[in-house]
Amino acid sequence: MARRLQPTLTEIGDAARALRQGKLVAFPTETVYGLGGDATSDRAVAAIFSAKGRPSFNPLIVHVASATDAVQFAEVSANAQAVARSFWPGPLTMVLPRRRDCRISLLATAGLDSVAIRVPAHTIAQTLLTMTGLPLAAPSANPSGRLSPTSADHVLADLGDNVEFVIDGGACTVGVESTVLSLLDDKPRILRPGGVPAEAIAEVLQEPVTIETGAEDSAAPRSPGRLLSHYAPSLPVRLNAAAAEPGEILLGFGPSAPKDALNLSPIGDLQEAAANLFALLRRLDDPQYCAIAVMPVPETGLGIAINDRLRRAAAAR
Ligand code: AMP
Ligand code: MG
């Protein structure tokens with residue numbers, strides 16, 4: 001069971017140390033409690049998906065201490081700077097182009113070329129971010145399909161077995177999620193309404209802001225080429241392969257895979273497989289091969305989200 005921490009510098013320091021060791025810590029923000037993990041660690045991010053029990057990988061919001069930190073990970077346009085000046089720290093997330101040298105886990109951004117970033121205003125979240133010195137991936141700290149938690153008790157009841165610590169900061173003041181604003185193209189769009197209203201953003205940008213929701217939180221893919229066009233390999237993908245056919249390259253899983261194959265997890269661990277998934281798909285997507293043959297991954301736990309992603313890669317043609 002997770003330990004409840006008081007928001008003293010000493011105990012937030014314990015939480016920061018755990019995060020640096022790749023463990024998960026739930027912490028309060030002004031919107032809802034977040035399930036935090038090191039956003040640069042594929043393993044920590046895989047543990048977040050595992051704890052939430054989601055049937056698919058959706059991109060996670062990366063929390064940083066200040067707008068200056070955001071510049072390390074994303075291309076921050078003049079529009080993005082204006083929005084940051086007005087609404088950060090606060091309940092606003094910006095979806096921005098990922099920098100080429102971005103250290104954020106590919107699993108955290110679900111293989112996308114964009115990254116969602118927020119600077120939370122809550123003092124405890126701020127202190128934790130500053131003490132860890134890491135960007136923290138932190139979706140709402142609830143199991144998939146359950147209500148977002150606005151108190152430490154909610155988190156302990158729902159996810160107590162899956163996190164190291166819950167920092168108790170009392171009730172969240174905003175109580176709804178952050179507004180997710182995409183600035184990926186010239187038309188600013190709200191992908192999820194939340195703590196900051198569209199009109200306030202439109203006023204800062206001096207242009208209309210469209211609200212595009214619908215696919216939010218659904219397991220269905222947003223149509224490719226649109227908001228959430230997920231990375232799909234350019235090579236065809238063949239699922240449930242026992243071995244590679246001539247010209248194919250094999251993506252293995254488990255101990256029965258050939259020793260020389262790239263392997264999602266040689267010991268058959270689904271969390272390790274999830275951590276490796278996006279990076280390995282990119283590595284194998286090489287025009288010297290005619291297709292990627294993927295060995296079967298069990299349809300349990302994180303395997304459900306892994307297979308969801310693989311099926312989409314196989315279908316994306
Ligand atoms: P949360 O569970 O609070 O972390 O919610 C994350 C929200 O941000 C979801 O609505 C995601 O679809 C959205 N999001 C995160 N990253 C991206 C991205 N790179 N592109 C588009 N939407 C994103
Ligand atoms: Mg949520």
# chains A, B, ... in the order shown; residues from 1 in each chain; ligands from 1
$ select_by_dssp --residues "segment 38-181 of chain A" --states "strand (DSSP E or B)" --output "MDAnalysis selection string"
chainID A and resid 38 61:63 74 92:98 114:118 136:137 140 165:167 179:181
$ closest_atom_pairs --of "chain A" --to "ligand 1" --cutoff "8 Å" --atoms "only C-alpha atoms and all ligand atoms" --output "Markdown table"
| residue | atom | partner | partner_atom_place_in_ligand_line | distance |
| --- | --- | --- | --- | --- |
| A:Gly34 | CA | ligand 1 | 3 (O) | 7.8 |
| A:Asn58 | CA | ligand 1 | 12 (O) | 6.0 |
| A:Pro59 | CA | ligand 1 | 16 (N) | 4.2 |
| A:Leu60 | CA | ligand 1 | 4 (O) | 4.2 |
| A:Ile61 | CA | ligand 1 | 4 (O) | 4.3 |
| A:Val62 | CA | ligand 1 | 4 (O) | 7.7 |
| A:Thr93 | CA | ligand 1 | 8 (O) | 7.4 |
| A:Val95 | CA | ligand 1 | 18 (C) | 5.4 |
| A:Leu96 | CA | ligand 1 | 19 (N) | 7.2 |
| A:Thr109 | CA | ligand 1 | 19 (N) | 5.6 |
| A:Ala110 | CA | ligand 1 | 19 (N) | 7.6 |
| A:Leu112 | CA | ligand 1 | 19 (N) | 5.9 |
| A:Asp113 | CA | ligand 1 | 19 (N) | 7.0 |
| A:Ser114 | CA | ligand 1 | 19 (N) | 4.3 |
| A:Val115 | CA | ligand 1 | 19 (N) | 4.2 |
| A:Ala116 | CA | ligand 1 | 16 (N) | 4.2 |
| A:Ile117 | CA | ligand 1 | 16 (N) | 7.8 |
| A:Ala137 | CA | ligand 1 | 4 (O) | 7.5 |
| A:Ala138 | CA | ligand 1 | 4 (O) | 5.8 |
| A:Pro139 | CA | ligand 1 | 4 (O) | 3.4 |
| A:Ser140 | CA | ligand 1 | 3 (O) | 5.2 |
| A:Glu177 | CA | ligand 1 | 3 (O) | 6.3 |
| A:Ser178 | CA | ligand 1 | 3 (O) | 7.1 |
| A:Val180 | CA | ligand 1 | 8 (O) | 5.9 |
| A:Ser182 | CA | ligand 1 | 21 (C) | 6.8 |
| A:Leu191 | CA | ligand 1 | 10 (O) | 6.6 |
| A:Arg192 | CA | ligand 1 | 10 (O) | 5.8 |
| A:Glu216 | CA | ligand 1 | 10 (O) | 5.4 |
| A:Asp217 | CA | ligand 1 | 10 (O) | 6.1 |
| A:Leu227 | CA | ligand 1 | 21 (C) | 6.0 |
| A:Leu228 | CA | ligand 1 | 21 (C) | 5.4 |
$ closest_residue --among "A:Val294, A:Ile249, A:Ala171, A:Val176" --to "ligand 2" --atoms "only C-alpha atoms and all ligand atoms"
A:Val176
$ residues_around --residues "Val196 of chain A" --least-positions-apart "5" --cutoff "7 Å" --atoms "only C-alpha atoms" --output "PyMOL selection string"
chain A and resi 91-92+179
$ write_last_selection --atoms "N, CA, C and O atoms" --output "compact mmCIF listing (two decimals), in the first residue's frame"
# COMPACT_ATOMS: atom_id res chain seq x y z
N PRO A 91 -3.96 25.89 -15.22
CA PRO A 91 -4.61 24.69 -15.76
C PRO A 91 -4.71 24.69 -17.29
O PRO A 91 -5.78 24.55 -17.85
N LEU A 92 -3.57 24.87 -17.93
CA LEU A 92 -3.54 24.88 -19.39
C LEU A 92 -2.39 24.02 -19.90
O LEU A 92 -1.25 24.18 -19.46
N THR A 179 -7.21 22.55 -19.62
CA THR A 179 -7.57 22.76 -21.02
C THR A 179 -6.38 22.29 -21.87
O THR A 179 -5.24 22.63 -21.57
$ closest_residue --among "A:Ser148, A:Ser56, A:Gln288, A:Thr40" --to "Asp308 of chain A" --atoms "only C-alpha atoms"
A:Ser56
$ closest_residue --among "A:Thr150, A:Ser77, A:Thr10, A:Thr127" --to "ligand 2" --atoms "only C-alpha atoms and all ligand atoms"
A:Thr150
$ closest_residue --among "A:Ser66, A:Arg100, A:Met131, A:Ala293" --to "Leu9 of chain A" --atoms "only C-alpha atoms"
A:Met131
$ residues_around --residues "Ala70 of chain A" --least-positions-apart "4" --cutoff "9 Å" --atoms "only C-alpha atoms" --output "ChimeraX atom specification"
/A:63-66,74-76,117-119,135
$ select_by_dssp --residues "segment 92-302 of chain A" --states "alpha helix (DSSP H)" --output "JSON, numbers by chain"
{"A": [123, 124, 125, 126, 127, 128, 129, 130, 131, 132, 152, 153, 154, 155, 156, 157, 158, 159, 198, 199, 200, 201, 202, 203, 204, 205, 270, 271, 272, 273, 274, 275, 276, 277, 278, 279, 280, 281, 282, 283, 284, 302]}
$ decode --residues "segment 107-134 of chain A" --atoms "C-alpha atoms" --output "compact mmCIF listing (two decimals), in the first residue's frame"
# COMPACT_ATOMS: atom_id res chain seq x y z
CA LEU A 107 5.83 6.01 -24.96
CA ALA A 108 4.78 9.17 -23.07
CA THR A 109 3.93 10.89 -26.36
CA ALA A 110 2.49 7.66 -27.85
CA GLY A 111 5.03 7.88 -30.64
CA LEU A 112 3.77 11.28 -31.79
CA ASP A 113 5.98 14.09 -33.06
CA SER A 114 4.26 16.43 -30.63
CA VAL A 115 4.40 16.80 -26.88
CA ALA A 116 1.77 18.07 -24.43
CA ILE A 117 3.26 20.29 -21.73
CA ARG A 118 1.88 22.00 -18.66
CA VAL A 119 3.28 24.13 -15.86
CA PRO A 120 1.05 23.46 -12.85
CA ALA A 121 0.38 26.25 -10.35
CA HIS A 122 0.00 24.11 -7.23
CA THR A 123 2.80 24.76 -4.71
CA ILE A 124 3.33 21.08 -3.96
CA ALA A 125 3.53 20.18 -7.65
CA GLN A 126 5.93 23.07 -8.18
CA THR A 127 8.14 22.02 -5.27
CA LEU A 128 8.18 18.41 -6.43
CA LEU A 129 9.10 19.36 -10.01
CA THR A 130 11.88 21.63 -8.82
CA MET A 131 13.25 19.02 -6.42
CA THR A 132 13.25 16.17 -8.96
CA GLY A 133 14.63 18.34 -11.74
CA LEU A 134 12.72 16.05 -14.12
